[in-house]
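**Q** Structure file input16.txt (compact mmCIF, N, CA and C atoms) right here:
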```txt
# COMPACT_ATOMS: atom_id res chain seq x y z
N MET F 58 76.24 146.76 157.15
CA MET F 58 76.55 145.41 157.61
C MET F 58 76.04 144.37 156.61
N ARG F 59 74.82 144.54 156.12
CA ARG F 59 74.24 143.60 155.18
C ARG F 59 75.02 143.58 153.87
N ARG F 60 75.47 144.74 153.40
CA ARG F 60 76.24 144.83 152.18
C ARG F 60 77.56 144.08 152.32
N ARG F 61 78.17 144.18 153.48
CA ARG F 61 79.43 143.48 153.73
C ARG F 61 79.21 141.96 153.71
N HIS F 62 78.09 141.52 154.26
CA HIS F 62 77.76 140.09 154.26
C HIS F 62 77.62 139.58 152.83
N PHE F 63 76.92 140.32 151.98
CA PHE F 63 76.76 139.92 150.58
C PHE F 63 78.10 139.89 149.85
N ALA F 64 78.97 140.84 150.16
CA ALA F 64 80.28 140.87 149.53
C ALA F 64 81.11 139.65 149.92
N LEU F 65 81.05 139.26 151.19
CA LEU F 65 81.78 138.08 151.66
C LEU F 65 81.24 136.80 151.02
N VAL F 66 79.93 136.69 150.95
CA VAL F 66 79.32 135.52 150.33
C VAL F 66 79.69 135.46 148.86
N GLY F 67 79.64 136.59 148.17
CA GLY F 67 80.01 136.64 146.76
C GLY F 67 81.47 136.24 146.54
N ALA F 68 82.36 136.73 147.38
CA ALA F 68 83.78 136.38 147.27
C ALA F 68 83.98 134.88 147.50
N PHE F 69 83.29 134.33 148.47
CA PHE F 69 83.40 132.90 148.74
C PHE F 69 82.92 132.08 147.54
N LEU F 70 81.77 132.43 146.97
CA LEU F 70 81.24 131.70 145.82
C LEU F 70 82.17 131.79 144.61
N PHE F 71 82.75 132.96 144.38
CA PHE F 71 83.68 133.14 143.27
C PHE F 71 84.91 132.26 143.46
N THR F 72 85.47 132.24 144.67
CA THR F 72 86.63 131.41 144.97
C THR F 72 86.31 129.93 144.80
N ALA F 73 85.15 129.51 145.27
CA ALA F 73 84.74 128.11 145.13
C ALA F 73 84.59 127.73 143.66
N ALA F 74 84.03 128.62 142.86
CA ALA F 74 83.87 128.34 141.43
C ALA F 74 85.23 128.19 140.75
N LEU F 75 86.18 129.03 141.10
CA LEU F 75 87.52 128.92 140.51
C LEU F 75 88.18 127.61 140.91
N ALA F 76 88.03 127.22 142.16
CA ALA F 76 88.67 126.01 142.65
C ALA F 76 88.12 124.76 141.97
N THR F 77 86.82 124.72 141.72
CA THR F 77 86.24 123.54 141.10
C THR F 77 86.43 123.54 139.59
N ALA F 78 86.62 124.69 138.99
CA ALA F 78 86.78 124.75 137.54
C ALA F 78 88.20 124.39 137.10
N ALA F 79 89.18 124.56 137.95
CA ALA F 79 90.57 124.33 137.56
C ALA F 79 90.84 122.93 137.03
N PRO F 80 90.37 121.84 137.69
CA PRO F 80 90.70 120.52 137.18
C PRO F 80 90.12 120.25 135.79
N ALA F 81 88.95 120.79 135.48
CA ALA F 81 88.32 120.53 134.20
C ALA F 81 89.12 121.11 133.05
N SER F 82 89.84 122.18 133.30
CA SER F 82 90.58 122.82 132.22
C SER F 82 92.06 122.43 132.22
N ALA F 83 92.46 121.57 133.12
CA ALA F 83 93.87 121.16 133.19
C ALA F 83 94.24 120.35 131.95
N ASP F 84 95.47 120.50 131.53
CA ASP F 84 95.96 119.76 130.37
C ASP F 84 96.22 118.31 130.74
N PRO F 85 96.03 117.40 129.81
CA PRO F 85 96.35 116.01 130.09
C PRO F 85 97.86 115.82 130.23
N SER F 86 98.24 114.83 130.98
CA SER F 86 99.64 114.52 131.18
C SER F 86 100.17 113.73 129.98
N PRO F 87 101.42 113.92 129.61
CA PRO F 87 102.00 113.08 128.57
C PRO F 87 102.13 111.62 129.02
N HIS F 88 101.99 111.37 130.32
CA HIS F 88 102.10 110.02 130.87
C HIS F 88 100.78 109.25 130.84
N CYS F 89 99.68 109.97 130.58
CA CYS F 89 98.36 109.32 130.59
C CYS F 89 97.55 109.85 129.41
N GLN F 90 97.79 109.33 128.26
CA GLN F 90 97.06 109.76 127.06
C GLN F 90 95.81 108.90 126.90
N GLU F 91 94.99 108.91 127.94
CA GLU F 91 93.78 108.09 128.01
C GLU F 91 92.59 109.00 128.27
N GLY F 92 91.41 108.42 128.42
CA GLY F 92 90.19 109.18 128.62
C GLY F 92 89.86 109.50 130.07
N GLY F 93 90.76 109.30 130.99
CA GLY F 93 90.47 109.59 132.40
C GLY F 93 91.74 109.83 133.18
N TYR F 94 91.98 109.02 134.20
CA TYR F 94 93.18 109.11 135.02
C TYR F 94 93.94 107.81 134.97
N CYS F 95 95.25 107.88 135.22
CA CYS F 95 96.10 106.69 135.25
C CYS F 95 96.84 106.64 136.58
N LEU F 96 96.95 105.43 137.12
CA LEU F 96 97.79 105.17 138.28
C LEU F 96 98.91 104.24 137.85
N PHE F 97 100.06 104.37 138.50
CA PHE F 97 101.24 103.58 138.15
C PHE F 97 101.78 102.91 139.40
N SER F 98 102.33 101.70 139.21
CA SER F 98 102.89 100.96 140.33
C SER F 98 104.26 101.48 140.74
N GLY F 99 104.93 102.23 139.87
CA GLY F 99 106.25 102.78 140.16
C GLY F 99 106.25 104.29 140.22
N VAL F 100 107.24 104.86 140.87
CA VAL F 100 107.39 106.32 140.90
C VAL F 100 107.77 106.82 139.52
N GLU F 101 107.55 108.09 139.28
CA GLU F 101 107.89 108.72 138.00
C GLU F 101 107.24 107.99 136.82
N PHE F 102 106.00 107.45 137.04
CA PHE F 102 105.17 106.87 135.99
C PHE F 102 105.76 105.59 135.41
N GLY F 103 106.48 104.86 136.26
CA GLY F 103 107.07 103.59 135.85
C GLY F 103 106.22 102.42 136.31
N GLY F 104 106.66 101.25 135.97
CA GLY F 104 105.96 100.04 136.38
C GLY F 104 104.69 99.81 135.58
N THR F 105 103.72 99.21 136.23
CA THR F 105 102.45 98.90 135.59
C THR F 105 101.56 100.13 135.55
N LYS F 106 100.94 100.38 134.41
CA LYS F 106 100.00 101.50 134.23
C LYS F 106 98.58 100.95 134.25
N ALA F 107 97.69 101.60 135.01
CA ALA F 107 96.28 101.22 135.05
C ALA F 107 95.43 102.44 134.76
N VAL F 108 94.53 102.32 133.80
CA VAL F 108 93.57 103.37 133.50
C VAL F 108 92.35 103.13 134.38
N LEU F 109 91.94 104.15 135.12
CA LEU F 109 90.86 103.97 136.09
C LEU F 109 89.50 103.87 135.41
N PRO F 110 88.68 102.92 135.87
CA PRO F 110 87.31 102.84 135.37
C PRO F 110 86.50 104.03 135.89
N ALA F 111 85.48 104.41 135.16
CA ALA F 111 84.66 105.57 135.54
C ALA F 111 83.62 105.19 136.58
N ASN F 112 84.08 104.86 137.78
CA ASN F 112 83.20 104.57 138.92
C ASN F 112 83.29 105.76 139.87
N TYR F 113 82.23 106.52 139.96
CA TYR F 113 82.28 107.76 140.73
C TYR F 113 81.78 107.60 142.15
N ASN F 114 82.41 108.37 143.05
CA ASN F 114 82.01 108.54 144.45
C ASN F 114 82.17 107.30 145.32
N SER F 115 82.76 106.25 144.81
CA SER F 115 82.98 105.09 145.67
C SER F 115 84.47 104.91 145.90
N CYS F 116 84.80 104.50 147.09
CA CYS F 116 86.18 104.25 147.47
C CYS F 116 86.61 102.92 146.87
N ARG F 117 87.73 102.93 146.16
CA ARG F 117 88.25 101.73 145.51
C ARG F 117 89.67 101.45 145.98
N PRO F 118 89.99 100.21 146.30
CA PRO F 118 91.38 99.90 146.64
C PRO F 118 92.24 99.85 145.37
N VAL F 119 93.45 100.33 145.47
CA VAL F 119 94.38 100.27 144.34
C VAL F 119 94.62 98.81 143.96
N SER F 120 94.58 97.91 144.92
CA SER F 120 94.83 96.50 144.64
C SER F 120 93.86 95.93 143.59
N SER F 121 92.69 96.54 143.43
CA SER F 121 91.74 96.09 142.41
C SER F 121 92.26 96.35 140.99
N LEU F 122 93.32 97.15 140.87
CA LEU F 122 93.91 97.47 139.57
C LEU F 122 95.06 96.52 139.22
N GLY F 123 95.45 95.66 140.17
CA GLY F 123 96.49 94.68 139.89
C GLY F 123 97.82 94.94 140.58
N PHE F 124 97.93 96.00 141.38
CA PHE F 124 99.14 96.22 142.17
C PHE F 124 98.73 96.79 143.52
N ALA F 125 99.60 96.61 144.52
CA ALA F 125 99.23 96.92 145.90
C ALA F 125 99.15 98.41 146.20
N THR F 126 100.08 99.20 145.70
CA THR F 126 100.18 100.62 146.03
C THR F 126 100.45 101.43 144.76
N ALA F 127 99.75 102.54 144.63
CA ALA F 127 100.04 103.46 143.52
C ALA F 127 101.20 104.36 143.94
N ARG F 128 102.23 104.40 143.13
CA ARG F 128 103.41 105.21 143.43
C ARG F 128 103.46 106.51 142.63
N SER F 129 102.60 106.65 141.60
CA SER F 129 102.49 107.89 140.84
C SER F 129 101.14 107.91 140.13
N ALA F 130 100.71 109.12 139.71
CA ALA F 130 99.40 109.28 139.07
C ALA F 130 99.46 110.41 138.06
N ALA F 131 98.59 110.31 137.04
CA ALA F 131 98.56 111.33 136.00
C ALA F 131 97.14 111.50 135.47
N ARG F 132 96.87 112.69 134.93
CA ARG F 132 95.57 113.03 134.39
C ARG F 132 95.55 112.79 132.89
N GLY F 133 94.44 112.21 132.40
CA GLY F 133 94.27 111.97 130.98
C GLY F 133 93.45 113.05 130.31
N PHE F 134 92.85 112.72 129.18
CA PHE F 134 92.08 113.68 128.38
C PHE F 134 90.70 113.95 128.93
N GLY F 135 90.26 115.19 128.80
CA GLY F 135 88.90 115.69 128.92
C GLY F 135 87.91 114.99 129.81
N ASP F 136 88.21 114.71 131.00
CA ASP F 136 87.24 114.09 131.90
C ASP F 136 86.49 115.17 132.69
N ASP F 137 85.48 114.76 133.37
CA ASP F 137 84.72 115.68 134.22
C ASP F 137 84.78 115.21 135.67
N ALA F 138 85.96 114.73 136.07
CA ALA F 138 86.14 114.18 137.40
C ALA F 138 87.42 114.69 138.03
N ALA F 139 87.47 114.58 139.34
CA ALA F 139 88.69 114.83 140.10
C ALA F 139 89.08 113.50 140.72
N LEU F 140 90.37 113.24 140.79
CA LEU F 140 90.87 112.00 141.39
C LEU F 140 91.49 112.33 142.73
N GLU F 141 90.97 111.71 143.77
CA GLU F 141 91.50 111.85 145.12
C GLU F 141 92.23 110.56 145.47
N LEU F 142 93.44 110.69 146.05
CA LEU F 142 94.24 109.54 146.47
C LEU F 142 94.33 109.51 147.99
N TYR F 143 94.34 108.29 148.55
CA TYR F 143 94.36 108.09 150.00
C TYR F 143 95.43 107.07 150.38
N SER F 144 96.04 107.25 151.54
CA SER F 144 97.09 106.35 151.98
C SER F 144 96.56 105.06 152.59
N ASP F 145 95.30 105.05 153.01
CA ASP F 145 94.70 103.85 153.59
C ASP F 145 93.76 103.20 152.56
N THR F 146 93.13 102.12 152.92
CA THR F 146 92.23 101.43 151.99
C THR F 146 90.77 101.82 152.16
N THR F 147 90.49 102.75 153.08
CA THR F 147 89.11 103.17 153.33
C THR F 147 88.83 104.62 152.92
N CYS F 148 89.72 105.21 152.16
CA CYS F 148 89.58 106.60 151.69
C CYS F 148 89.35 107.57 152.83
N THR F 149 90.17 107.44 153.87
CA THR F 149 90.08 108.32 155.03
C THR F 149 91.23 109.31 155.08
N THR F 150 92.45 108.86 154.81
CA THR F 150 93.63 109.72 154.94
C THR F 150 94.07 110.20 153.55
N HIS F 151 93.69 111.43 153.23
CA HIS F 151 93.95 112.03 151.91
C HIS F 151 95.43 112.32 151.74
N VAL F 152 96.00 111.93 150.57
CA VAL F 152 97.41 112.22 150.29
C VAL F 152 97.61 113.11 149.08
N ALA F 153 96.66 113.12 148.13
CA ALA F 153 96.85 113.95 146.93
C ALA F 153 95.55 114.08 146.15
N THR F 154 95.45 115.18 145.42
CA THR F 154 94.41 115.37 144.41
C THR F 154 95.14 115.53 143.09
N VAL F 155 94.75 114.75 142.10
CA VAL F 155 95.48 114.72 140.83
C VAL F 155 94.86 115.74 139.87
N PHE F 156 95.46 116.94 139.83
CA PHE F 156 95.10 117.94 138.83
C PHE F 156 96.09 117.85 137.68
N ASP F 157 97.33 117.61 138.00
CA ASP F 157 98.43 117.44 137.07
C ASP F 157 99.18 116.18 137.50
N ASP F 158 100.36 115.99 136.99
CA ASP F 158 101.16 114.83 137.36
C ASP F 158 101.45 114.79 138.86
N VAL F 159 101.40 113.61 139.43
CA VAL F 159 101.84 113.34 140.79
C VAL F 159 102.93 112.27 140.66
N PRO F 160 104.21 112.69 140.53
CA PRO F 160 105.27 111.74 140.23
C PRO F 160 105.63 110.79 141.37
N THR F 161 105.34 111.19 142.59
CA THR F 161 105.66 110.34 143.74
C THR F 161 104.54 110.42 144.76
N THR F 162 103.99 109.27 145.11
CA THR F 162 102.96 109.18 146.12
C THR F 162 102.99 107.78 146.71
N SER F 163 102.17 107.55 147.67
CA SER F 163 101.98 106.22 148.23
C SER F 163 100.51 106.09 148.56
N ALA F 164 99.73 105.66 147.57
CA ALA F 164 98.28 105.61 147.72
C ALA F 164 97.80 104.16 147.67
N ASN F 165 96.92 103.83 148.60
CA ASN F 165 96.35 102.48 148.65
C ASN F 165 94.89 102.44 148.26
N SER F 166 94.26 103.62 148.08
CA SER F 166 92.89 103.67 147.59
C SER F 166 92.68 104.99 146.86
N TYR F 167 91.58 105.05 146.12
CA TYR F 167 91.27 106.25 145.34
C TYR F 167 89.77 106.43 145.23
N ARG F 168 89.38 107.63 144.86
CA ARG F 168 87.97 107.94 144.63
C ARG F 168 87.90 108.97 143.50
N LEU F 169 87.04 108.71 142.52
CA LEU F 169 86.75 109.68 141.47
C LEU F 169 85.50 110.45 141.88
N ILE F 170 85.57 111.76 141.77
CA ILE F 170 84.41 112.59 142.10
C ILE F 170 84.08 113.48 140.91
N ARG F 171 82.82 113.60 140.58
CA ARG F 171 82.38 114.48 139.49
C ARG F 171 82.60 115.93 139.88
N ILE F 172 83.05 116.73 138.90
CA ILE F 172 83.20 118.16 139.11
C ILE F 172 82.29 118.89 138.15
N PRO F 173 81.83 120.07 138.51
CA PRO F 173 80.97 120.83 137.61
C PRO F 173 81.73 121.23 136.35
N THR F 174 81.07 121.18 135.23
CA THR F 174 81.71 121.60 133.98
C THR F 174 81.11 122.89 133.47
```
Could you write out this file's structure as structure tokens?
**A**
Amino acid sequence: MRRRHFALVGAFLFTAALATAAPASADPSPHCQEGGYCLFSGVEFGGTKAVLPANYNSCRPVSSLGFATARSAARGFGDDAALELYSDTTCTTHVATVFDDVPTTSANSYRLIRIPT
């Protein structure tokens, strides 16, 4: 019984490590050749482009970037963060995590979170 418990815990830790490591090794998007993440006011990376400031763990309204709603998002070069998008302005209703391009979304707030490297 104890051996089975250790095997389950080991499998869980291995899966968690893979899940957190994936964003760090993701390739940058051709739509965001910047040092972090980009949000766009239009779908398919159109409209106004905003490069996100490196403010971690705090909920930020998209309106602080100069447009009301983010309609698409892309990952830039070599960051150590994950970008979470939310449909409300209080970072409660999750709509996407940006590992690669997100060509269509409707996000009103975002949060950058540090990931292990």
**Q** What's around range 113-130 of chain F at 7 Å? Count all atoms listed in the file, leave out sequence neighbours fewer than 5 positions away in its own chain, and write the answer as a PyMOL selection string.
**A** chain F and resi 94-103+107+146-148+155+157-171
**Q** Write to file, as a compact mmCIF listing (two decimals), keeping the file's coordinate frame, the residues of the selection just made, with N, CA and C atoms.
**A**
```
# COMPACT_ATOMS: atom_id res chain seq x y z
N TYR F 94 91.98 109.02 134.20
CA TYR F 94 93.18 109.11 135.02
C TYR F 94 93.94 107.81 134.97
N CYS F 95 95.25 107.88 135.22
CA CYS F 95 96.10 106.69 135.25
C CYS F 95 96.84 106.64 136.58
N LEU F 96 96.95 105.43 137.12
CA LEU F 96 97.79 105.17 138.28
C LEU F 96 98.91 104.24 137.85
N PHE F 97 100.06 104.37 138.50
CA PHE F 97 101.24 103.58 138.15
C PHE F 97 101.78 102.91 139.40
N SER F 98 102.33 101.70 139.21
CA SER F 98 102.89 100.96 140.33
C SER F 98 104.26 101.48 140.74
N GLY F 99 104.93 102.23 139.87
CA GLY F 99 106.25 102.78 140.16
C GLY F 99 106.25 104.29 140.22
N VAL F 100 107.24 104.86 140.87
CA VAL F 100 107.39 106.32 140.90
C VAL F 100 107.77 106.82 139.52
N GLU F 101 107.55 108.09 139.28
CA GLU F 101 107.89 108.72 138.00
C GLU F 101 107.24 107.99 136.82
N PHE F 102 106.00 107.45 137.04
CA PHE F 102 105.17 106.87 135.99
C PHE F 102 105.76 105.59 135.41
N GLY F 103 106.48 104.86 136.26
CA GLY F 103 107.07 103.59 135.85
C GLY F 103 106.22 102.42 136.31
N ALA F 107 97.69 101.60 135.01
CA ALA F 107 96.28 101.22 135.05
C ALA F 107 95.43 102.44 134.76
N THR F 146 93.13 102.12 152.92
CA THR F 146 92.23 101.43 151.99
C THR F 146 90.77 101.82 152.16
N THR F 147 90.49 102.75 153.08
CA THR F 147 89.11 103.17 153.33
C THR F 147 88.83 104.62 152.92
N CYS F 148 89.72 105.21 152.16
CA CYS F 148 89.58 106.60 151.69
C CYS F 148 89.35 107.57 152.83
N VAL F 155 94.75 114.75 142.10
CA VAL F 155 95.48 114.72 140.83
C VAL F 155 94.86 115.74 139.87
N ASP F 157 97.33 117.61 138.00
CA ASP F 157 98.43 117.44 137.07
C ASP F 157 99.18 116.18 137.50
N ASP F 158 100.36 115.99 136.99
CA ASP F 158 101.16 114.83 137.36
C ASP F 158 101.45 114.79 138.86
N VAL F 159 101.40 113.61 139.43
CA VAL F 159 101.84 113.34 140.79
C VAL F 159 102.93 112.27 140.66
N PRO F 160 104.21 112.69 140.53
CA PRO F 160 105.27 111.74 140.23
C PRO F 160 105.63 110.79 141.37
N THR F 161 105.34 111.19 142.59
CA THR F 161 105.66 110.34 143.74
C THR F 161 104.54 110.42 144.76
N THR F 162 103.99 109.27 145.11
CA THR F 162 102.96 109.18 146.12
C THR F 162 102.99 107.78 146.71
N SER F 163 102.17 107.55 147.67
CA SER F 163 101.98 106.22 148.23
C SER F 163 100.51 106.09 148.56
N ALA F 164 99.73 105.66 147.57
CA ALA F 164 98.28 105.61 147.72
C ALA F 164 97.80 104.16 147.67
N ASN F 165 96.92 103.83 148.60
CA ASN F 165 96.35 102.48 148.65
C ASN F 165 94.89 102.44 148.26
N SER F 166 94.26 103.62 148.08
CA SER F 166 92.89 103.67 147.59
C SER F 166 92.68 104.99 146.86
N TYR F 167 91.58 105.05 146.12
CA TYR F 167 91.27 106.25 145.34
C TYR F 167 89.77 106.43 145.23
N ARG F 168 89.38 107.63 144.86
CA ARG F 168 87.97 107.94 144.63
C ARG F 168 87.90 108.97 143.50
N LEU F 169 87.04 108.71 142.52
CA LEU F 169 86.75 109.68 141.47
C LEU F 169 85.50 110.45 141.88
N ILE F 170 85.57 111.76 141.77
CA ILE F 170 84.41 112.59 142.10
C ILE F 170 84.08 113.48 140.91
N ARG F 171 82.82 113.60 140.58
CA ARG F 171 82.38 114.48 139.49
C ARG F 171 82.60 115.93 139.88
```
**Q** Quick one: distance from CA of Gly93 in chain F to CA of Ala153 in chain F in Å, one decimal?
**A** 16.5 Å
**Q** Which residue is closest to Gly133 in chain F? Choose from F:Pro173, F:Pro110, F:Gly92, F:Gly104 and count all atoms listed in the file.
**A**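 Of all the options, F:Gly92 lies closest to Gly133 in chain F.
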**Q** I need the residue nearest Asp84 in chain F from this list: F:Thr174, F:Leu140, F:Phe156, F:His151. Use only C-alpha atoms for the distance.
**A**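 For Asp84 in chain F, the nearest of the given residues is F:Phe156.
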**Q** What does the distance from atom C of Pro87 in chain F to atom N of Thr154 in chain F come to in Å, to one decimal?
**A**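 Separating atom C of Pro87 in chain F from atom N of Thr154 in chain F is a distance of 18.1 Å.
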**Q** Dump range 95-112 of chain F with N, CA and C atoms to a file, as a short mmCIF file (atom, residue, chain, number, x, y, z; two decimals), in the first residue's frame.
**A**
```cif
data_model
loop_
_atom_site.label_atom_id
_atom_site.label_comp_id
_atom_site.auth_asym_id
_atom_site.auth_seq_id
_atom_site.Cartn_x
_atom_site.Cartn_y
_atom_site.Cartn_z
N CYS F 95 2.06 39.89 -25.77
CA CYS F 95 1.37 40.98 -26.45
C CYS F 95 -0.13 40.71 -26.46
N LEU F 96 -0.90 41.77 -26.25
CA LEU F 96 -2.35 41.72 -26.42
C LEU F 96 -2.71 42.64 -27.57
N PHE F 97 -3.78 42.29 -28.27
CA PHE F 97 -4.22 43.05 -29.44
C PHE F 97 -5.70 43.41 -29.29
N SER F 98 -6.05 44.59 -29.81
CA SER F 98 -7.44 45.04 -29.73
C SER F 98 -8.32 44.35 -30.77
N GLY F 99 -7.74 43.75 -31.79
CA GLY F 99 -8.50 43.06 -32.83
C GLY F 99 -8.22 41.57 -32.86
N VAL F 100 -9.13 40.81 -33.43
CA VAL F 100 -8.92 39.37 -33.60
C VAL F 100 -7.81 39.14 -34.62
N GLU F 101 -7.23 37.96 -34.59
CA GLU F 101 -6.16 37.59 -35.53
C GLU F 101 -5.00 38.59 -35.50
N PHE F 102 -4.72 39.16 -34.29
CA PHE F 102 -3.55 40.00 -34.05
C PHE F 102 -3.62 41.33 -34.79
N GLY F 103 -4.84 41.81 -34.99
CA GLY F 103 -5.05 43.09 -35.65
C GLY F 103 -5.28 44.20 -34.65
N GLY F 104 -5.46 45.39 -35.15
CA GLY F 104 -5.74 46.54 -34.29
C GLY F 104 -4.50 47.01 -33.56
N THR F 105 -4.71 47.53 -32.38
CA THR F 105 -3.62 48.06 -31.56
C THR F 105 -2.91 46.93 -30.85
N LYS F 106 -1.58 46.97 -30.86
CA LYS F 106 -0.74 45.98 -30.16
C LYS F 106 -0.19 46.61 -28.90
N ALA F 107 -0.28 45.89 -27.77
CA ALA F 107 0.27 46.36 -26.50
C ALA F 107 1.20 45.29 -25.94
N VAL F 108 2.41 45.67 -25.61
CA VAL F 108 3.36 44.77 -24.95
C VAL F 108 3.14 44.91 -23.45
N LEU F 109 2.92 43.79 -22.78
CA LEU F 109 2.57 43.84 -21.36
C LEU F 109 3.77 44.19 -20.49
N PRO F 110 3.57 45.07 -19.52
CA PRO F 110 4.64 45.35 -18.56
C PRO F 110 4.83 44.15 -17.64
N ALA F 111 6.02 43.99 -17.11
CA ALA F 111 6.35 42.84 -16.26
C ALA F 111 5.87 43.07 -14.82
N ASN F 112 4.56 43.12 -14.64
CA ASN F 112 3.94 43.22 -13.31
C ASN F 112 3.35 41.87 -12.98
#
```
